[in-house]
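To keep things clear, I will list the structure first and then write my remarks on it.
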Amino acid sequence: MKHTTFCFRVILFLAATFLLMSAEHAFAAPFWAQVTGVNQTGQNLDWEEVSWDAASRPAVATTTSPFDAPFIGSLLNTINVFYRDGGGCIKHYRGTDQNSDLAWQNKEKIGDCGTALDGPLAALARRDGGGDLFWFSGAPGKPAKLMHMWTGDFKIWQSEVLWTTATAPASPPTVASWGPGRIDLFWRDSANQLRWYGCDNGSKGKAGFNSQGWFDKERVVWSNVTGDPTVAERTTNVVNLFWRDESTGQLQQVNGNGSGSWYAAYPSIGVVKLSSAPSATSWGPDRVDVVYAVDQTHLGHLWYDGRKGDWTPHTETLFSSWQVGAPVVTAGPSKKNRLDVYSLPVGGGLLAHTLYQESLEGFIGIGEGPGEGDWCWASAAISVVDYMKYLQTGVNPQIQSCTAADKYPGLPNSCCAKNTPEACLVGGTVEPILTTYGVKYSSSGPLALSDLEFYLWSDSHPVISNHQHSDGTGHYVVLVDVYHFRGTDMVVIYGTQFNAYWVLPYPEYIKNHGSWWVAGMDAPI
């Protein structure tokens, strides 16, 4: 079947029709959760309600879980949210991060309700599928009991008094696992020392450890820590600790490893101002994300990417439709490139949730060049070719659209000239370009959501979609991700020729835009 289309030369057509999102960096296309008609730009945060009775900052842990759709496999994460209500009871919400609402109505109380001496929680999802909760219980200004609850399935819980601190804690604990069989807790004491208490299953009964593998005493990591710490496992045997300096408001950082070596972090983050305690997480090796409140209505986000080797310029500030409070962030262990962020205003009340997602890793823009306003067919095809090359080699060649146009049947071999020949500025289709560069594909009508998820998540391949308009014109775009938010399945669309992203409800997109698709793409071996 032959499909013909061409692109509008007026870029404002897209700007008026969709909510555009600009790329943040060259490795993937990030977006924050948004609902069409609620957010005015892609960089505004929208939130969904989780609970109205939260009285403490939440603790969140994500785990992988089986899913009955075989093509999704382990790409589904289970999100476990914990907090205390006004009566001191620990509440647990359990839901999934894809395909359905987060099922916040599935709330349960864990154990007996606490007292006024019980502090905020820290949560950990273990590598064996179980989880742990930690908190301090004790009068302010005095040593406290470090409480511990654990589970193998997030349903049946056991509890114990794990430790009595040597000094008075001045912050809640924060927890990470930087390797198999490891649990590491950190907190600030009343003398502004950063303290560390941990467990290593491989060190049971050895010097410095008790028979269960826990430290036989606390260890002091750092001094002059004036804010509440947060920890993220950057990679095996390496953690990053962060806190807000209460005198300057600046973000501070220290790194450590399993041998007990602690050092000022390198490279430096630079000057980053916070109005709340930070929250850190990691979704994979050599990746760290930190979120924080810039003020009541702006969320800050910065990240370290080992592929770049630095923190800057990977920072952003986003306007929030909800009070940011002291945000809490977690990353799923299987669905890469996603953050789930939770916000609780000062004083408690409505706990809200939003998410950050990066689309297919390695899928990047093709840049500006001759004919970009006309060659949606060339830019869509060549963006996919670039991406398939990236999957094979780890390098994105960033071939220009005009180079692809030169290879299109019937066009002159001079489309990259400074003064683009008029003969080059015509409509075309994506198939000849994909074939020329050896990309295999199949054509179909609009895909069911489950099929689109299969191509994007399981195969990690984009899908090209063609918009046919009533006047006979059309437009090519690339679909790069889907997500579920506020009861709606959303599709993330990449307008390759303008290097712009937008998000639409999937049913609306299918109804109004998707006419035929190129999917199942694969590069030759």
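A note on labels: chains of the structure tokens are A, B, ... as shown, every chain counts residues from 1, and ligands are counted from 1 in their shown order.
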
(message) Just want the 8 Å neighbourhood of A:Glu246, counted on only C-alpha atoms, with same-chain residues fewer than 3 positions away dropped. Output as an MDAnalysis selection string.
(response) chainID A and resid 226:227 249:250

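With only C-alpha atoms taken into account, the protein and nucleic acid residues at most 10 Å from A:Ala176 (excluding it and anything under 5 positions from it in its own chain) are Ala122, Ala123, Leu124, Ala125, Arg126, Arg182, Ile183, Asp184, Leu185, Phe186, Gly198, Thr230, Val231, Ala232, Glu233, Val239, Asn240 and Thr281 of chain A.
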
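Distances here use only C-alpha atoms; by that measure, the residue among A:Ala331, A:Val81, A:Leu241, A:Leu479 closest to A:Ser460 is A:Leu479.
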
(request) Could you find all residues in stretch 389-498 of chain A that DSSP calls helix (DSSP H, G or I) from the backbone, and write them as JSON, numbers by chain? (result) {"A": [389, 390, 391, 392, 393, 401, 402, 403, 404, 405, 406, 422, 423, 424, 431, 432, 433, 434, 435, 436, 449, 450, 451, 452, 453, 454, 455, 456, 457, 458, 496, 497, 498]}

(request) Name all residues at most 10 Å from stretch 300-310 of chain A (count only C-alpha atoms; drop same-chain ones fewer than 6 positions away) and give them as number ranges by chain. (result) A: 27, 234, 266-269, 272-275, 278-282, 284-294, 316-319, 324, 327

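If you count only C-alpha atoms and ignore residues fewer than 5 places along the chain from A:Lys155, what sits within 12 Å of it is Asn80, His92, Tyr93, Arg94, Lys107, Glu108, Lys109, Ile110, Gly111, Gly129, Gly130, Gly131, Asp132, Met149 and Trp150 of chain A.
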
Could you save the residues just selected, with C-alpha atoms, as an mmCIF file, in the first residue's frame?
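Saved file selection24.cif follows:
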data_model
loop_
_atom_site.group_PDB
_atom_site.id
_atom_site.type_symbol
_atom_site.label_atom_id
_atom_site.label_comp_id
_atom_site.auth_asym_id
_atom_site.auth_seq_id
_atom_site.Cartn_x
_atom_site.Cartn_y
_atom_site.Cartn_z
ATOM 1 C CA ASN A 80 4.684 1.319 48.016
ATOM 2 C CA HIS A 92 0.441 1.844 53.282
ATOM 3 C CA TYR A 93 -0.721 2.444 49.716
ATOM 4 C CA ARG A 94 0.268 -0.089 47.085
ATOM 5 C CA LYS A 107 -4.948 1.537 51.736
ATOM 6 C CA GLU A 108 -4.049 -0.533 54.770
ATOM 7 C CA LYS A 109 -2.817 0.091 58.302
ATOM 8 C CA ILE A 110 0.455 -1.594 59.289
ATOM 9 C CA GLY A 111 0.968 -2.775 62.859
ATOM 10 C CA GLY A 129 11.477 -8.614 46.798
ATOM 11 C CA GLY A 130 10.929 -7.717 50.444
ATOM 12 C CA GLY A 131 10.992 -4.371 52.171
ATOM 13 C CA ASP A 132 11.958 -2.543 55.358
ATOM 14 C CA MET A 149 9.687 -3.392 60.482
ATOM 15 C CA TRP A 150 10.317 -5.826 57.638
#

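The nearest approach to A:Ile433 among the residues A:Thr297, A:Asn396, A:Ser465, A:Ser383, with only C-alpha atoms taken into account, belongs to A:Ser383.
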
(request) Mind checking which residues fall within 9 Å of A:His513, counting only C-alpha atoms, ignoring those fewer than 5 positions away in the same chain, and posting them as JSON, numbers by chain? (result) {"A": [465, 466, 467, 468, 469, 508]}

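The space separating atom CA of A:Pro169 from atom CA of A:Thr63 comes to 29.0 Å.
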